[in-house]
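S.K.: This is the structure, below, for whatever I ask next.
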Amino acid sequence: TENLFTVMAARQLNPKINIISRAVHGRAVEKLKLGGANHIIMPTQIGGYFMATLESKPNAVEFFSLITNETISDIRYEEIDFNGTKSNCIGKTIRDLNIRSMTGTSIVAVKSSDGKYIVNPDPDTRVENETSFIVLGTKSQLNSLKKYISKYA
């Protein structure tokens, strides 16, 4: 009840805010969505999924633990967002941007302007307004990418 009230109040104060709410019971999920939450997290469900995945895919879980900084590692992921920019990247292909060879980072996925994710995008995928990249690399590589992309801004 308190979460629903908080979600509704936040949505009323700022219609554009990204609201993440916690739910204990599945029956609360739909109510929180109707109240204006963008995402609802159920910790017990996530914990159960994590435990099952740890049993069936331990190396994958270990890798994702590395990139989410649950363990000590220099591997990270980042979202590079081109939403609403006046960037010179717009209209260029991933091949044109030459990100991998210039920065060492890997483009894992592209979120296109229609909201769909393209995993392991083709080098001829074009950057459009409202495009985001999900990239993987070390801290140094990601910093290099941010500097590299900023020259296109």
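How things are named: the first chain in the structure tokens is A, the next is B, and so on; residues count from 1 in each chain; ligands count from 1 in the order shown.
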So which residues of chain A fall under strand (DSSP E or B) by DSSP, listed as JSON, numbers by chain?

M.R.: {"A": [20, 21, 22, 39, 40, 41, 75, 76, 77, 78, 79, 80, 81, 93, 106, 107, 108, 109, 110, 111, 117, 118, 119, 126, 132, 133, 134, 135, 136, 137, 138]}

S.K.: I'd like the neighbourhood of range 97-105 of chain A as a short mmCIF file (atom, residue, chain, number, x, y, z; two decimals) with N, CA and C atoms, in the first residue's frame, where a residue qualifies if any of its atoms comes within 9 Å (using only C-alpha atoms), though same-chain residues fewer than 6 positions away should be ignored.

M.R.:
data_model
loop_
_atom_site.label_atom_id
_atom_site.label_comp_id
_atom_site.auth_asym_id
_atom_site.auth_seq_id
_atom_site.Cartn_x
_atom_site.Cartn_y
_atom_site.Cartn_z
N CYS A 89 27.34 11.23 -34.95
CA CYS A 89 27.24 9.77 -35.06
C CYS A 89 25.95 9.36 -35.77
N VAL A 135 27.61 -1.54 -24.31
CA VAL A 135 29.01 -1.87 -24.63
C VAL A 135 29.69 -2.53 -23.44
N LEU A 136 30.72 -3.30 -23.75
CA LEU A 136 31.46 -4.05 -22.74
C LEU A 136 32.94 -3.73 -22.90
N GLY A 137 33.61 -3.52 -21.76
CA GLY A 137 35.04 -3.26 -21.81
C GLY A 137 35.60 -3.01 -20.42
N THR A 138 36.87 -2.75 -20.37
CA THR A 138 37.50 -2.39 -19.10
C THR A 138 37.17 -0.93 -18.81
N SER A 140 39.19 1.50 -18.45
CA SER A 140 40.01 2.32 -19.34
C SER A 140 39.42 2.36 -20.76
N GLN A 141 38.98 1.21 -21.26
CA GLN A 141 38.39 1.16 -22.60
C GLN A 141 37.10 1.97 -22.66
N LEU A 142 36.27 1.88 -21.61
CA LEU A 142 35.02 2.63 -21.59
C LEU A 142 35.28 4.13 -21.52
N ASN A 143 36.30 4.53 -20.76
CA ASN A 143 36.67 5.95 -20.73
C ASN A 143 37.15 6.41 -22.10
N SER A 144 37.91 5.55 -22.77
CA SER A 144 38.37 5.85 -24.12
C SER A 144 37.19 6.01 -25.08
N LEU A 145 36.19 5.15 -24.93
CA LEU A 145 34.99 5.23 -25.76
C LEU A 145 34.26 6.56 -25.54
N TYR A 148 36.12 9.20 -27.26
CA TYR A 148 36.02 9.01 -28.71
C TYR A 148 34.66 9.47 -29.22
N ILE A 149 33.60 9.08 -28.53
CA ILE A 149 32.25 9.47 -28.95
C ILE A 149 32.05 10.98 -28.78
#

S.K.: Leaving out Gly36 in chain A and any residue of its chain fewer than 3 positions from it, which residues lie within 8 Å of it when counting only C-alpha atoms, given as a VMD selection string?

M.R.: chain A and resid 7 to 8 11 19 32 to 33

S.K.: Could those selected residues go to a file with N, CA and C atoms, as a PDB file, in the first residue's frame?

M.R.:
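Output (again_29.pdb):
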ATOM      1  N   VAL A   7       4.399   5.505  -5.466  1.00  0.00           N
ATOM      2  CA  VAL A   7       4.463   5.471  -6.935  1.00  0.00           C
ATOM      3  C   VAL A   7       3.480   6.482  -7.522  1.00  0.00           C
ATOM      4  N   MET A   8       2.266   6.473  -7.029  1.00  0.00           N
ATOM      5  CA  MET A   8       1.248   7.380  -7.565  1.00  0.00           C
ATOM      6  C   MET A   8       1.614   8.844  -7.313  1.00  0.00           C
ATOM      7  N   ARG A  11       4.514   9.760  -9.676  1.00  0.00           N
ATOM      8  CA  ARG A  11       4.047   9.897 -11.058  1.00  0.00           C
ATOM      9  C   ARG A  11       3.297  11.211 -11.237  1.00  0.00           C
ATOM     10  N   ILE A  19      10.170   5.171 -12.648  1.00  0.00           N
ATOM     11  CA  ILE A  19       9.849   4.691 -11.312  1.00  0.00           C
ATOM     12  C   ILE A  19      10.110   3.187 -11.219  1.00  0.00           C
ATOM     13  N   LEU A  32       0.838  -1.823  -9.059  1.00  0.00           N
ATOM     14  CA  LEU A  32       1.938  -0.859  -9.142  1.00  0.00           C
ATOM     15  C   LEU A  32       2.106  -0.349 -10.569  1.00  0.00           C
ATOM     16  N   LYS A  33       1.924  -1.232 -11.555  1.00  0.00           N
ATOM     17  CA  LYS A  33       1.989  -0.795 -12.955  1.00  0.00           C
ATOM     18  C   LYS A  33       0.874   0.201 -13.249  1.00  0.00           C
TER      19      LYS A  33
END

S.K.: Go ahead and compute the interatomic distance for CA of Asp124 in chain A and CA of Lys147 in chain A, in Å to one decimal.

M.R.: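 Interatomic distance here is 22.6 Å.
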
S.K.: Grab the CA of Phe64 in chain A to CA of Asp96 in chain A distance for me, in Å with one decimal place.

M.R.: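 Result for CA of Phe64 in chain A versus CA of Asp96 in chain A: 29.3 Å, one decimal.
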
S.K.: So the first atom is CA of Asn14 in chain A and the second is CA of Ala109 in chain A; what is the distance between them in Å, to one decimal place?

M.R.: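 About the pair CA of Asn14 in chain A and CA of Ala109 in chain A: they are 29.8 Å apart.
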
S.K.: Skipping near chain neighbours, those fewer than 4 positions away, what residues fall within 12 Å of Arg27 in chain A using only C-alpha atoms, listed as a PDB file with all heavy atoms, in the first residue's frame?

M.R.:
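Output contents, as saved in result-v6.pdb:
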ATOM      1  N   THR A   1       0.833  -1.192   0.000  1.00  0.00           N
ATOM      2  CA  THR A   1       0.000   0.000   0.000  1.00  0.00           C
ATOM      3  C   THR A   1       0.874   1.251   0.000  1.00  0.00           C
ATOM      4  O   THR A   1       0.609   2.183  -0.747  1.00  0.00           O
ATOM      5  CB  THR A   1      -0.938  -0.007   1.225  1.00  0.00           C
ATOM      6  OG1 THR A   1      -1.703  -1.214   1.202  1.00  0.00           O
ATOM      7  CG2 THR A   1      -1.866   1.179   1.210  1.00  0.00           C
ATOM      8  N   ALA A  23       8.031  -5.114  -4.944  1.00  0.00           N
ATOM      9  CA  ALA A  23       6.807  -5.811  -4.571  1.00  0.00           C
ATOM     10  C   ALA A  23       7.180  -7.107  -3.871  1.00  0.00           C
ATOM     11  O   ALA A  23       8.145  -7.777  -4.247  1.00  0.00           O
ATOM     12  CB  ALA A  23       5.953  -6.103  -5.793  1.00  0.00           C
ATOM     13  N   LYS A  31      -1.050  -3.734  -9.862  1.00  0.00           N
ATOM     14  CA  LYS A  31      -1.509  -2.499  -9.213  1.00  0.00           C
ATOM     15  C   LYS A  31      -0.423  -1.429  -9.281  1.00  0.00           C
ATOM     16  O   LYS A  31      -0.708  -0.254  -9.536  1.00  0.00           O
ATOM     17  CB  LYS A  31      -1.908  -2.771  -7.769  1.00  0.00           C
ATOM     18  CG  LYS A  31      -3.163  -3.610  -7.663  1.00  0.00           C
ATOM     19  CD  LYS A  31      -3.458  -3.981  -6.236  1.00  0.00           C
ATOM     20  CE  LYS A  31      -4.644  -4.944  -6.208  1.00  0.00           C
ATOM     21  NZ  LYS A  31      -4.843  -5.544  -4.917  1.00  0.00           N
ATOM     22  N   LEU A  32       0.838  -1.823  -9.059  1.00  0.00           N
ATOM     23  CA  LEU A  32       1.938  -0.859  -9.142  1.00  0.00           C
ATOM     24  C   LEU A  32       2.106  -0.349 -10.569  1.00  0.00           C
ATOM     25  O   LEU A  32       2.392   0.832 -10.782  1.00  0.00           O
ATOM     26  CB  LEU A  32       3.231  -1.481  -8.612  1.00  0.00           C
ATOM     27  CG  LEU A  32       3.265  -1.663  -7.092  1.00  0.00           C
ATOM     28  CD1 LEU A  32       4.377  -2.638  -6.699  1.00  0.00           C
ATOM     29  CD2 LEU A  32       3.444  -0.325  -6.396  1.00  0.00           C
ATOM     30  N   LYS A  33       1.924  -1.232 -11.555  1.00  0.00           N
ATOM     31  CA  LYS A  33       1.989  -0.795 -12.955  1.00  0.00           C
ATOM     32  C   LYS A  33       0.874   0.201 -13.249  1.00  0.00           C
ATOM     33  O   LYS A  33       1.103   1.237 -13.873  1.00  0.00           O
ATOM     34  CB  LYS A  33       1.879  -1.992 -13.903  1.00  0.00           C
ATOM     35  CG  LYS A  33       3.140  -2.796 -14.026  1.00  0.00           C
ATOM     36  CD  LYS A  33       2.974  -3.922 -15.035  1.00  0.00           C
ATOM     37  CE  LYS A  33       4.218  -4.777 -15.093  1.00  0.00           C
ATOM     38  NZ  LYS A  33       4.056  -5.910 -16.015  1.00  0.00           N
ATOM     39  N   ILE A  40       8.884  -3.154 -11.761  1.00  0.00           N
ATOM     40  CA  ILE A  40       8.583  -3.696 -10.441  1.00  0.00           C
ATOM     41  C   ILE A  40       9.549  -4.843 -10.189  1.00  0.00           C
ATOM     42  O   ILE A  40       9.676  -5.757 -11.010  1.00  0.00           O
ATOM     43  CB  ILE A  40       7.126  -4.187 -10.324  1.00  0.00           C
ATOM     44  CG1 ILE A  40       6.150  -3.005 -10.454  1.00  0.00           C
ATOM     45  CG2 ILE A  40       6.889  -4.832  -8.970  1.00  0.00           C
ATOM     46  CD1 ILE A  40       5.643  -2.795 -11.805  1.00  0.00           C
ATOM     47  N   MET A  42      10.754  -7.928  -7.731  1.00  0.00           N
ATOM     48  CA  MET A  42      10.359  -8.856  -6.673  1.00  0.00           C
ATOM     49  C   MET A  42      11.620  -9.595  -6.225  1.00  0.00           C
ATOM     50  O   MET A  42      12.063 -10.532  -6.890  1.00  0.00           O
ATOM     51  CB  MET A  42       9.297  -9.828  -7.176  1.00  0.00           C
ATOM     52  CG  MET A  42       7.987  -9.143  -7.513  1.00  0.00           C
ATOM     53  SD  MET A  42       6.709 -10.291  -8.044  1.00  0.00           S
ATOM     54  CE  MET A  42       6.534 -11.324  -6.600  1.00  0.00           C
TER      55      MET A  42
END

S.K.: Between A:Ser106, A:Lys116, A:Asn38, A:Ser87, single out the one closest to Asn129 in chain A, counting only C-alpha atoms.

M.R.: A:Ser87

S.K.: DSSP on the backbone, then: every residue of chain A marked alpha helix (DSSP H), written as a PyMOL selection string.

M.R.: chain A and resi 2-13+27-35+43-56+58-67+94-97+99-103+139-150
